[in-house]
Each structure stands twice: as C-alpha cells, then as structure tokens.
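Engineer: Here you go, this is run13.cif (mmCIF, C-alpha atoms).
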data_final
loop_
_atom_site.label_atom_id
_atom_site.label_comp_id
_atom_site.auth_asym_id
_atom_site.auth_seq_id
_atom_site.Cartn_x
_atom_site.Cartn_y
_atom_site.Cartn_z
CA MET A 12 99.63 108.89 48.87
CA PRO A 13 98.07 105.84 50.51
CA GLU A 14 100.28 102.78 50.92
CA PRO A 15 99.73 100.38 48.03
CA ALA A 16 98.00 97.14 48.92
CA TYR A 17 98.97 93.71 47.65
CA ARG A 18 97.50 90.26 47.62
CA ALA A 19 99.00 86.79 47.38
CA ALA A 20 99.32 84.84 44.15
CA PRO A 21 96.30 82.60 43.50
CA PRO A 22 96.34 79.33 45.45
CA GLY A 23 98.56 76.71 43.82
CA ALA A 24 100.43 79.24 41.68
CA LEU A 25 103.64 79.02 43.67
CA ARG A 26 105.62 76.02 44.80
CA VAL A 27 107.80 77.06 47.73
CA GLU A 28 110.73 74.89 48.80
CA PRO A 29 112.98 76.00 51.66
CA LEU A 30 116.63 75.08 50.99
CA GLY A 31 118.54 76.06 54.09
CA GLU A 32 119.13 79.81 54.07
CA LEU A 33 117.61 80.20 50.62
CA THR A 34 114.07 79.51 49.58
CA ALA A 35 113.39 78.39 46.04
CA ILE A 36 110.04 79.38 44.59
CA PHE A 37 108.69 77.94 41.38
CA ASP A 38 106.03 80.09 39.75
CA ARG A 39 103.78 77.71 37.81
CA ARG A 40 102.35 80.56 35.73
CA SER A 41 105.66 81.83 34.35
CA THR A 42 107.65 78.57 34.99
CA GLN A 43 110.32 80.82 36.47
CA THR A 44 112.39 79.89 39.51
CA HIS A 45 112.98 82.60 42.11
CA LEU A 46 115.51 82.38 44.90
CA VAL A 47 114.77 84.50 47.92
CA VAL A 48 116.01 84.93 51.47
CA SER A 49 114.26 85.95 54.66
CA PRO A 50 111.96 87.90 55.07
CA MET A 51 110.50 87.14 51.61
CA PRO A 52 109.16 83.64 52.45
CA GLU A 53 107.65 84.99 55.69
CA ILE A 54 105.96 87.83 53.81
CA LEU A 55 104.53 85.44 51.24
CA GLU A 56 103.27 83.23 54.02
CA ALA A 57 101.61 86.13 55.85
CA ILE A 58 100.13 88.14 53.02
CA GLY A 59 96.99 86.10 52.34
CA VAL A 60 94.45 86.41 49.55
CA ASP A 61 92.85 89.60 50.83
CA ASP A 62 94.27 93.07 50.18
CA CYS A 63 97.12 93.80 52.52
CA ASP A 64 99.35 96.84 52.89
CA ALA A 65 102.64 97.20 54.73
CA ALA A 66 100.95 98.26 57.98
CA THR A 67 98.62 95.25 58.02
CA LEU A 68 101.50 92.99 57.12
CA ALA A 69 103.67 94.45 59.90
CA ALA A 70 100.88 93.77 62.40
CA ARG A 71 100.53 90.18 61.16
CA LEU A 72 104.24 89.52 61.24
CA ALA A 73 104.53 91.11 64.69
CA ALA A 74 102.22 88.39 65.99
CA THR A 75 104.78 85.79 64.91
CA PHE A 76 108.09 87.65 65.17
CA ASP A 77 109.58 89.76 67.86
CA PHE A 78 109.54 93.36 66.57
CA ASP A 79 110.32 96.31 68.79
CA GLY A 80 107.73 98.39 67.03
CA THR A 81 105.86 97.95 63.77
CA ASP A 82 106.62 101.54 62.70
CA ASP A 83 110.27 100.78 61.94
CA VAL A 84 109.59 97.73 59.83
CA GLN A 85 106.84 99.24 57.70
CA PRO A 86 109.10 101.05 55.20
CA VAL A 87 111.20 97.89 54.85
CA LEU A 88 108.14 95.74 54.28
CA SER A 89 106.78 98.22 51.81
CA GLU A 90 110.00 97.96 49.81
CA ARG A 91 110.04 94.15 49.98
CA LEU A 92 106.41 94.04 48.83
CA SER A 93 107.19 96.12 45.79
CA GLU A 94 110.12 93.78 45.00
CA LEU A 95 107.88 90.73 45.32
CA ALA A 96 105.38 92.43 43.04
CA ALA A 97 108.14 93.11 40.50
CA MET A 98 108.98 89.38 40.56
CA GLY A 99 105.31 88.58 40.06
CA LEU A 100 105.07 86.69 43.35
CA VAL A 101 102.44 89.04 44.82
CA GLU A 102 99.94 91.18 42.98
CA ARG A 103 99.06 94.85 43.39
CA ALA A 104 95.51 94.94 44.75
CA MET B 13 125.13 60.96 4.31
CA LYS B 14 127.94 58.91 2.80
CA HIS B 15 129.18 57.44 6.06
CA SER B 16 127.25 56.83 9.22
CA ILE B 17 127.24 55.05 12.54
CA ARG B 18 124.80 54.48 15.37
CA ILE B 19 126.04 54.76 18.93
CA ALA B 20 124.16 54.24 22.19
CA VAL B 21 125.58 56.10 25.20
CA GLY B 22 123.48 55.46 28.28
CA PRO B 23 119.86 56.17 27.34
CA VAL B 24 120.75 58.27 24.29
CA GLN B 25 120.77 56.71 20.84
CA PHE B 26 122.85 58.72 18.37
CA ARG B 27 122.94 58.61 14.62
CA ILE B 28 126.07 60.22 13.28
CA GLY B 29 126.53 60.90 9.62
CA SER B 30 129.64 62.23 7.95
CA ASP B 31 130.86 63.30 4.54
CA TRP B 32 134.15 61.57 5.34
CA ALA B 33 135.04 58.03 6.36
CA GLU B 34 137.73 58.96 8.90
CA PRO B 35 135.63 60.36 11.78
CA ILE B 36 133.22 57.43 11.50
CA ALA B 37 136.08 54.92 11.55
CA ALA B 38 137.50 56.64 14.63
CA LEU B 39 134.10 56.53 16.34
CA GLU B 40 133.72 52.86 15.41
CA ARG B 41 136.96 52.14 17.20
CA LEU B 42 136.04 54.13 20.34
CA TYR B 43 132.48 52.78 20.60
CA HIS B 44 133.11 49.24 19.40
CA GLY B 45 132.34 47.67 22.80
CA TYR B 46 129.13 49.60 23.53
CA PRO B 47 125.91 47.60 23.59
CA GLN B 48 123.93 48.40 20.48
CA ASP B 49 120.24 48.20 19.75
CA ASP B 50 119.70 48.96 16.08
CA THR B 51 115.94 48.57 16.37
CA ARG B 52 115.66 51.66 18.55
CA PRO B 53 115.03 54.93 16.77
CA ALA B 54 117.73 57.57 17.09
CA ASP B 55 117.16 60.25 19.72
CA ALA B 56 119.74 62.61 18.33
CA THR B 57 121.29 63.13 14.94
CA VAL B 58 124.74 64.58 14.36
CA ARG B 59 125.97 65.53 10.93
CA LEU B 60 129.55 66.30 10.00
CA PHE B 61 129.53 67.92 6.65
CA ALA B 62 131.69 69.80 4.19
CA ALA B 63 130.88 73.46 3.67
CA ARG B 64 131.14 73.06 -0.12
CA PRO B 65 131.20 69.76 -2.00
CA TRP B 66 134.85 70.15 -3.06
CA ARG B 67 135.88 70.81 0.52
CA ARG B 68 135.52 67.10 1.08
CA TRP B 69 138.91 66.79 -0.62
CA VAL B 70 140.51 70.22 -0.68
CA ARG B 71 141.55 71.39 2.79
CA PRO B 72 138.68 69.37 4.25
CA SER B 73 136.91 71.18 7.05
CA VAL B 74 134.20 69.68 9.20
CA HIS B 75 130.99 71.51 10.00
CA ILE B 76 128.82 70.24 12.80
CA GLY B 77 125.10 69.93 12.24
CA GLY B 78 122.12 67.99 13.48
CA ASP B 79 118.83 68.60 15.17
CA PHE B 80 120.38 71.63 16.86
CA VAL B 81 123.09 73.87 15.50
CA VAL B 82 125.26 76.58 16.90
CA PRO B 83 125.33 79.08 14.07
CA ASP B 84 128.76 80.56 14.74
CA ALA B 85 130.60 77.32 15.58
CA LEU B 86 133.87 77.27 13.68
CA PRO B 87 134.49 74.42 11.29
CA LEU B 88 137.30 72.09 12.34
CA PRO B 89 140.00 70.52 10.18
CA LEU B 90 139.36 66.90 9.26
CA SER B 91 142.13 65.71 11.61
CA MET B 92 139.85 66.89 14.41
CA GLY B 93 136.78 65.10 13.04
CA LEU B 94 136.51 63.09 16.24
CA LEU B 95 136.36 66.29 18.28
CA ALA B 96 133.71 67.61 15.91
CA ALA B 97 131.70 64.42 16.45
CA GLU B 98 132.07 64.72 20.22
CA MET B 99 131.01 68.38 20.17
CA GLY B 100 128.05 67.51 17.98
CA MET B 101 126.97 64.70 20.31
CA ASN B 102 127.25 66.96 23.37
CA LEU B 103 125.30 69.69 21.66
CA GLN B 104 122.41 67.44 20.64
CA VAL B 105 122.13 66.04 24.17
CA ALA B 106 122.55 69.37 25.93
CA LEU B 107 119.91 71.08 23.83
CA GLY B 108 117.58 68.28 22.91
CA TRP B 109 117.22 65.90 25.79
CA ARG B 110 114.03 66.19 27.86
CA ARG B 111 113.54 62.79 29.47
CA HIS B 112 115.93 63.48 32.33
CA MET B 113 117.43 66.47 34.02
CA LEU B 114 120.88 66.88 32.55
CA LEU B 115 123.74 68.03 34.68
CA HIS B 116 127.00 69.09 33.15
CA ALA B 117 128.99 66.99 35.60
CA SER B 118 131.11 63.89 35.86
CA ALA B 119 129.98 60.92 37.91
CA VAL B 120 131.25 57.65 39.30
CA ALA B 121 129.43 55.00 41.31
CA ARG B 122 130.23 52.48 43.95
CA GLY B 123 127.81 50.01 45.52
CA GLY B 124 124.86 51.43 43.57
CA ARG B 125 125.46 54.96 44.88
CA ALA B 126 126.71 57.85 42.81
CA LEU B 127 129.26 60.59 43.38
CA ILE B 128 128.47 63.57 41.16
CA MET B 129 131.15 66.20 40.46
CA SER B 130 130.17 69.50 38.92
CA GLY B 131 132.52 72.28 37.95
CA GLU B 132 133.72 74.60 35.26
CA SER B 133 135.95 73.37 32.51
CA GLY B 134 139.42 73.08 34.10
CA SER B 135 138.06 72.10 37.53
CA GLY B 136 139.43 68.62 36.99
CA LYS B 137 136.08 66.87 37.27
CA SER B 138 136.72 64.77 34.16
CA THR B 139 140.24 63.80 35.19
CA LEU B 140 139.11 62.84 38.70
CA ALA B 141 136.28 60.74 37.28
CA ALA B 142 138.60 59.06 34.78
CA LEU B 143 141.16 58.23 37.47
CA LEU B 144 138.50 57.02 39.93
CA GLY B 145 137.05 54.92 37.11
CA GLU B 146 140.39 53.10 36.83
CA GLY B 147 140.12 52.18 40.51
CA ASP B 148 137.19 50.52 42.21
CA TRP B 149 134.57 52.95 40.98
CA ARG B 150 132.29 52.59 37.99
CA LEU B 151 132.72 55.50 35.61
CA MET B 152 129.26 56.90 34.86
CA GLY B 153 130.43 59.77 32.71
CA ASP B 154 132.92 62.60 32.36
CA GLU B 155 130.58 65.20 30.85
CA PHE B 156 126.92 64.60 31.67
CA VAL B 157 124.95 62.83 34.32
CA LEU B 158 121.20 62.41 33.92
CA ILE B 159 118.78 62.62 36.83
CA GLU B 160 115.50 60.75 36.70
CA PRO B 161 112.89 63.46 37.40
CA MET B 162 110.45 61.18 39.23
CA GLY B 163 112.65 58.82 41.19
CA GLY B 164 115.78 60.93 41.58
CA ASP B 165 118.23 58.25 40.43
CA ALA B 166 121.35 59.15 38.45
CA LEU B 167 121.82 57.59 35.03
CA ALA B 168 125.17 57.15 33.32
CA PHE B 169 126.32 58.78 30.10
CA PRO B 170 129.68 57.03 29.71
CA ARG B 171 130.81 58.44 26.38
CA ALA B 172 134.49 58.07 25.57
CA VAL B 173 136.25 60.28 28.11
CA SER B 174 137.70 63.43 26.59
CA LEU B 175 141.12 63.78 28.23
CA LYS B 176 142.68 67.19 27.87
CA ASN B 177 146.24 68.47 28.11
CA GLU B 178 148.02 67.29 31.30
CA ALA B 179 145.30 64.74 32.03
CA ILE B 180 146.34 62.78 28.94
CA ALA B 181 149.70 61.70 30.38
CA ALA B 182 148.29 61.17 33.88
CA VAL B 183 145.68 58.72 32.63
CA ALA B 184 147.71 57.19 29.79
CA ALA B 185 150.27 56.01 32.35
CA GLN B 186 147.60 53.86 33.99
CA VAL B 187 145.74 52.29 31.09
CA ASP B 188 146.27 49.88 28.22
CA ALA B 189 147.13 51.88 25.08
CA ALA B 190 144.36 50.02 23.22
CA ARG B 191 141.85 52.05 25.25
CA LEU B 192 143.18 55.38 24.00
CA GLY B 193 142.09 57.16 20.85
CA PRO B 194 144.37 59.17 18.58
CA LEU B 195 146.05 62.28 20.00
CA MET B 196 144.55 65.45 18.59
CA ALA B 197 147.07 68.18 19.27
CA GLY B 198 146.34 71.89 19.19
CA THR B 199 142.55 71.77 18.97
CA PRO B 200 140.56 74.84 20.08
CA LYS B 201 140.27 73.01 23.44
CA GLY B 202 143.97 72.15 23.66
CA ASP B 203 145.36 68.63 23.21
CA ILE B 204 142.68 65.98 23.33
CA ARG B 205 142.81 62.23 23.54
CA HIS B 206 139.86 59.95 24.18
CA LEU B 207 139.78 57.16 26.71
CA ILE B 208 137.43 54.21 26.20
CA PRO B 209 135.79 53.52 29.59
CA ARG B 210 136.42 50.15 31.18
CA ALA B 211 134.31 47.30 29.79
CA ASP B 212 132.48 46.84 33.10
CA ALA B 213 131.46 50.52 33.14
CA ILE B 214 130.14 50.24 29.58
CA ALA B 215 128.29 47.00 30.35
CA ALA B 216 126.63 48.66 33.36
CA MET B 217 125.71 51.87 31.53
CA HIS B 218 121.97 51.33 31.90
CA LYS B 219 122.19 50.71 35.63
CA PRO B 220 120.96 53.65 37.71
CA ALA B 221 122.73 54.76 40.88
CA ARG B 222 121.40 56.70 43.83
CA PRO B 223 123.06 60.12 44.24
CA ALA B 224 125.00 59.96 47.51
CA LEU B 225 127.51 62.83 47.34
CA LEU B 226 127.77 66.08 45.38
CA LEU B 227 131.19 67.62 44.95
CA PHE B 228 132.20 70.91 43.36
CA PRO B 229 135.92 70.46 42.68
CA ARG B 230 138.35 73.27 42.04
CA PHE B 231 141.82 72.41 40.78
CA GLY B 232 144.65 74.44 42.30
CA GLY B 233 145.45 75.77 45.74
CA GLU B 234 145.74 74.06 49.09
CA ALA B 235 143.68 70.97 49.83
CA ALA B 236 140.43 72.16 51.37
CA ILE B 237 136.92 70.94 52.03
CA GLU B 238 134.03 73.38 52.30
CA PRO B 239 130.56 72.12 53.23
CA MET B 240 127.95 73.62 50.92
CA GLY B 241 124.39 74.50 51.85
CA GLU B 242 121.37 73.24 49.92
CA GLY B 243 120.67 76.68 48.51
CA GLU B 244 124.13 77.18 47.04
CA ALA B 245 124.20 73.66 45.62
CA PHE B 246 120.81 74.36 44.04
CA VAL B 247 122.02 77.58 42.42
CA ARG B 248 125.19 75.97 41.10
CA LEU B 249 123.33 72.99 39.69
CA THR B 250 120.74 75.14 37.92
CA GLU B 251 123.73 76.73 36.21
CA ALA B 252 125.21 73.30 35.47
CA SER B 253 122.00 71.96 34.01
CA THR B 254 121.48 72.48 30.31
CA ASN B 255 117.77 71.68 30.39
CA TYR B 256 116.62 72.85 33.81
CA VAL B 257 114.48 75.64 32.36
CA ALA B 258 113.03 73.43 29.64
CA LEU B 259 111.87 70.84 32.16
CA GLY B 260 109.76 73.34 34.10
CA GLU B 261 108.39 72.10 37.40
CA ALA B 262 109.76 68.59 36.88
CA GLY B 263 113.27 70.06 36.84
CA PHE B 264 112.55 72.20 39.89
CA ALA B 265 111.26 69.18 41.80
CA ALA B 266 114.18 66.98 40.74
CA LEU B 267 116.77 69.56 41.71
CA THR B 268 115.29 70.52 45.09
CA ARG B 269 115.11 66.84 45.96
CA LEU B 270 118.68 66.20 44.81
CA VAL B 271 120.19 68.98 46.93
CA ARG B 272 118.07 68.06 49.96
CA GLU B 273 118.92 64.39 49.90
CA THR B 274 122.57 64.66 48.90
CA PRO B 275 125.33 66.18 51.01
CA ALA B 276 127.39 68.72 49.04
CA PHE B 277 130.94 70.04 49.40
CA GLY B 278 133.32 72.29 47.54
CA ILE B 279 136.83 70.85 47.37
CA SER B 280 140.13 72.41 46.33
CA TYR B 281 143.13 70.26 45.52
CA PRO B 282 146.63 70.89 44.19
CA ASP B 283 147.03 67.56 42.35
CA SER B 284 145.00 64.53 41.32
CA ALA B 285 146.30 62.27 44.10
CA THR B 286 145.14 64.78 46.73
CA GLY B 287 141.83 65.20 44.92
CA ILE B 288 141.23 61.46 44.99
CA ALA B 289 142.16 61.28 48.68
CA LEU B 290 139.63 64.05 49.46
CA VAL B 291 136.96 62.24 47.47
CA GLU B 292 137.58 58.99 49.34
CA GLN B 293 137.58 60.80 52.68
CA LEU B 294 134.26 62.52 51.99
CA TRP B 295 132.75 59.35 50.60
CA ALA B 296 133.65 57.52 53.81
CA GLU B 297 132.46 60.32 56.11
CA ALA B 298 129.59 62.04 54.40
CA ALA B 299 128.04 60.03 51.59
CA LYS B 300 124.46 59.13 52.42
#
Would you encode the structure as structure tokens?
Structural biologist:
Amino acid sequence: MPEPAYRAAPPGALRVEPLGELTAIFDRRSTQTHLVVSPMPEILEAIGVDDCDAATLAARLAATFDFDGTDDVQPVLSERLSELAAMGLVERA
Amino acid sequence: MKHSIRIAVGPVQFRIGSDWAEPIAALERLYHGYPQDDTRPADATVRLFAARPWRRWVRPSVHIGGDFVVPDALPLPLSMGLLAAEMGMNLQVALGWRRHMLLHASAVARGGRALIMSGESGSGKSTLAALLGEGDWRLMGDEFVLIEPMGGDALAFPRAVSLKNEAIAAVAAQVDAARLGPLMAGTPKGDIRHLIPRADAIAAMHKPARPALLLFPRFGGEAAIEPMGEGEAFVRLTEASTNYVALGEAGFAALTRLVRETPAFGISYPDSATGIALVEQLWAEAAK
C-alpha cells in the first residue's frame, strides 16, 4: 500500500503559539485548542500546502535537523502524520 | 419576586430576587458599602425560590435559579440562604460572562500589579488572598479574577470572601467583627462565614491591575517553590477558566499572552504564615 499523503491546513486556519516545551495551536475552523510537543510543530511547519508523504517530509526535515538516516524516522513521521490528521491539523491528500 | 436587591461586584451587575426576606437582608448587610449604579441594567439574575408555595413557610428550602441553572443542585435550608445566593452569583458569572476571560482564582494587587493564585478548592488560595488583603495588598477577589482579552489587565471581582472551616478563625482573629457575616455551620461546603473586603479594596474594585505573578498554591507539606513553564501554566489555567472555550480565539490569545508575560510558580506550604512568606519572597524576586 502506498504511503498516504497529507497536506497542511489552509493558510490562516491555525494559530500556533510556542509556550516553552509545549506548543498551543488554535484551530480557527473548529475553535479547538490543541497542545502538542516536538516534533508536531516542526512537522506542521514543514508539510506545506502540496501533497506530502512521510518520505518527502523526512527529506525536508533532514535538511533542517540532524538525522542519521531518513529511513529510521519515516515510520515515526508516518504515525505522527496520522495523529495530526486525526486532530484535524493536517488533511489527507 | 417578593424581595430583591441589586449588587455590583467589579464589572458584574447582579439582580437577586428571593421568596424570603432573610437572604436579601443578609446580602444587604454584606454589600452595603459597595458602589451602586442603579441605572445600569443587570448582567446576571439570581433567583432564590421555594419549590412549592407553602415551602416558603414550612421547612423552607431554597432553590437556586437564574439565567443559568444546574438541574441537580440540591435545595438548601433557609438558614443557608446566603450560601445559596453566593452559589447562584458564582454560577451566573461562571456560565454567563463573556466580556472577559474568567479565571477561577483569587487575586490581590500591590502598586497596580496583580498576583493571581489558582488552585483547587482546599488549596488555600482564598485564605491566602484574604490574609494578604488584611495587610498591604488590595484584595481583588477570592473566587474569580477577570482578564481583559485585548489589553491583558486583571479586573477585580471582590465579592464578600467566603471563608471556610479553619480559615474562619484565622481571619476572624485579625478583623473587626462588623466585617464578618453570620456563621453558617454544617453546609455542604463545611462551615462558612463571609468576610466583607476592606473599604479601600471595594472602592478600588473598578481599577485594573497588570498581572505580575501567577501562583498555584497547594496547602500541606513542606514549604517548596517550583518554577512552572508557560505550557503547564497554560494547561492549568484553561482548566481554571470557566469561559475559555466560549471565548474562542480571544480566550486563546488572552491566555497565551498571560502565561508568556507572567512568571508562574507552584508553591506548597504547611501553614498560612509560611504561605504568605513564600508569596512575599516570590513577589520580591520574580514579579515582573
């Protein structure tokens, strides 16, 4: 089965406020507040409006962060993406 | 209703109606010194009523009503009419107020800056605020503090302080008996006695104060101070706010700003004197 792809929430939908170790995210569409920790804010930052799967995301994040190899992080990112989708913070493409 | 009174506590204008004269007379005594503006419309209505007409005289029991009701709230005996009025007032504010972000917290101010104390019932936040308010602090409130969503200032809600159980004797020893309401023993919340805030605190009730320090007190155990991160303070205050969800993004903005701009600490203390010493220490060291 191909890896599912995701895309970011529409521009302006989320208000993201870092609060120390936590990041508070206000979703203007649902008026819900979400509290997340790393790497969720980094994923949201990197995902972009175009379709993006875990492999693409791993490559993007590798440019910013120091991974040993993108292969190891892909399953983790894939899981985090599905969690973000469940919260409504990213959309299934 | 047969008997009624209007009371202004901070920005909230209450209209309280009752089937009986006693609770209204007791409220008149407690709120006698509060500035009153009868031309303002009421923001919240509280009704204390008898379940059946005859229950006004036979084993009178007070039901609490108003703009908002808690369907399964137990009626209280008439001797606890004042508690019923207090519960009704809290309920209307907690559920109905939208103009400010409400925090279930006590607050005192000094030099135009506010110390806000949030905690569960039994944390001692009310007692600490009451005792500080007898010193050189202005009591802003023992139950609610209101945060201006745009500017971030704290507004006072200095209702009559609801002293409970051991706090009654601790505070009564320091104040003129004329400032104490009747003792209500054995209520569902324990023994309760109201304290009328000092006249200067009541006169200054419309004066905002800038939040300078957030404390999360816990009564019991060794004296301890624990710095608290912005994230944890945010989570705790969303839980302490009765209208955070209703305010939507305005509440989110107000709360993120509050926890970013205001240093926060958890404190534990074994007795009130230690609690006050910790407050003064943190105020001197950390208040912004």
Engineer: One decimal, in Å: what's the spacing between CA of Phe169 (chain B) and CA of Ala197 (chain B)?
Structural biologist: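 Between CA of Phe169 (chain B) and CA of Ala197 (chain B) the gap works out to 25.2 Å.
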Engineer: With a cut-off of 6 Å, could you pull out the residues of chain A touching chain B and give me the nearest pair of atoms for each, distance in Å to one decimal, using all atoms listed in the file, ordered by chain and ascending number, as CSV?
Structural biologist:
residue,atom,partner,partner_atom,distance
A:Leu30,CA,B:Gly243,CA,5.0
A:Gly31,CA,B:Glu242,CA,5.8
A:Leu33,CA,B:Gly243,CA,5.1
A:Thr42,CA,B:Gly260,CA,5.7
Engineer: If the PyMOL selection byres ((chain A and resi 38) around 12) were run on this exact file, what residues would it hold? Put them as a PyMOL selection string.
Structural biologist: (chain A and resi 20-28+35-37+39-46+98-101) or (chain B and resi 260-261+264)
Engineer: Arg41 (chain B): which residues within 12 Å, counting all atoms listed in the file, same-chain residues fewer than 3 positions away excluded, as number ranges by chain?
Structural biologist: B: 17, 19, 34-38, 44-46, 94, 172, 190-194, 206-208
Engineer: Return as a ChimeraX atom specification the set of residues that the PyMOL selection byres ((chain B and resi 89) around 12) yields on the displayed structure.
Structural biologist: /B:32,34-35,60-63,67-76,86-88,90-96,196-200
Engineer: Give the centre and edge lengths of an axis-aligned box, in Å to one decimal, that holds all listed atoms of region 38-51 of chain A with 5 Å on each side, as JSON.
Structural biologist:
{"center_x": 109.2, "center_y": 82.8, "center_z": 44.7, "size_x": 23.7, "size_y": 20.2, "size_z": 30.7}
Engineer: Run the PyMOL selection byres ((chain A and resi 16) around 10) on the file and write out the hits as a list in words.
Structural biologist: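 Written out, the selection comes to Pro13, Glu14, Pro15, Tyr17, Arg18, Asp61, Asp62, Cys63, Asp64, Ala65, Ala66, Thr67, Leu68, Ser89, Leu92, Ser93, Glu102, Arg103 and Ala104 of chain A.
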Engineer: Quick check, in Å to one decimal: how far apart do CA of Arg210 (chain B) and CA of Thr274 (chain B) lie?
Structural biologist: 26.8 Å
Engineer: List as JSON, numbers by chain the protein and nucleic acid residues near Ala141 (chain B), meaning an atom at most 7 Å away when all atoms listed in the file are counted, but skip any in the same chain fewer than 6 places from it.
Structural biologist: {"B": [118, 119, 120, 151, 154]}
Engineer: Quick one: distance from CA of Val183 (chain B) to CA of Pro239 (chain B) in Å, one decimal?
Structural biologist: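 About the pair CA of Val183 (chain B) and CA of Pro239 (chain B): they are 28.9 Å apart.
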Engineer: Enumerate, as a count of residues only, the protein, DNA and RNA residues whose atoms approach (141.1, 74.6, 40.3) to within 12 Å, taking into account all atoms listed in the file and the coordinate frame of the file.
Structural biologist: 25
Engineer: Would you pick out the contacts of region 176-181 of chain B at 8 Å or less, using all atoms listed in the file, so that residues sharing its chain but fewer than 3 positions from it are not included, and give the list as a PyMOL selection string?
Structural biologist: chain B and resi 139+184-185+201-205
Engineer: Taking into account only C-alpha atoms, which residue in the set B:Leu270, B:Leu39, B:Ala298, B:Ala56 is nearest to Leu115 (chain B)?
Structural biologist: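 Of B:Leu270, B:Leu39, B:Ala298, B:Ala56, the one nearest Leu115 (chain B) is B:Leu270, counting only C-alpha atoms.
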Engineer: Return the single residue from B:Arg52, B:Val291, B:Leu103, B:Thr254 that is closest to Leu140 (chain B), with distances computed using all atoms listed in the file.
Structural biologist: B:Val291
Engineer: Which residues are close to Ala69 (chain A), i.e. within 12 Å by only C-alpha atoms, leaving aside same-chain residues fewer than 2 positions away? Reply as a PyMOL selection string.
Structural biologist: chain A and resi 50+53-54+57-58+63-67+71-89+91-92
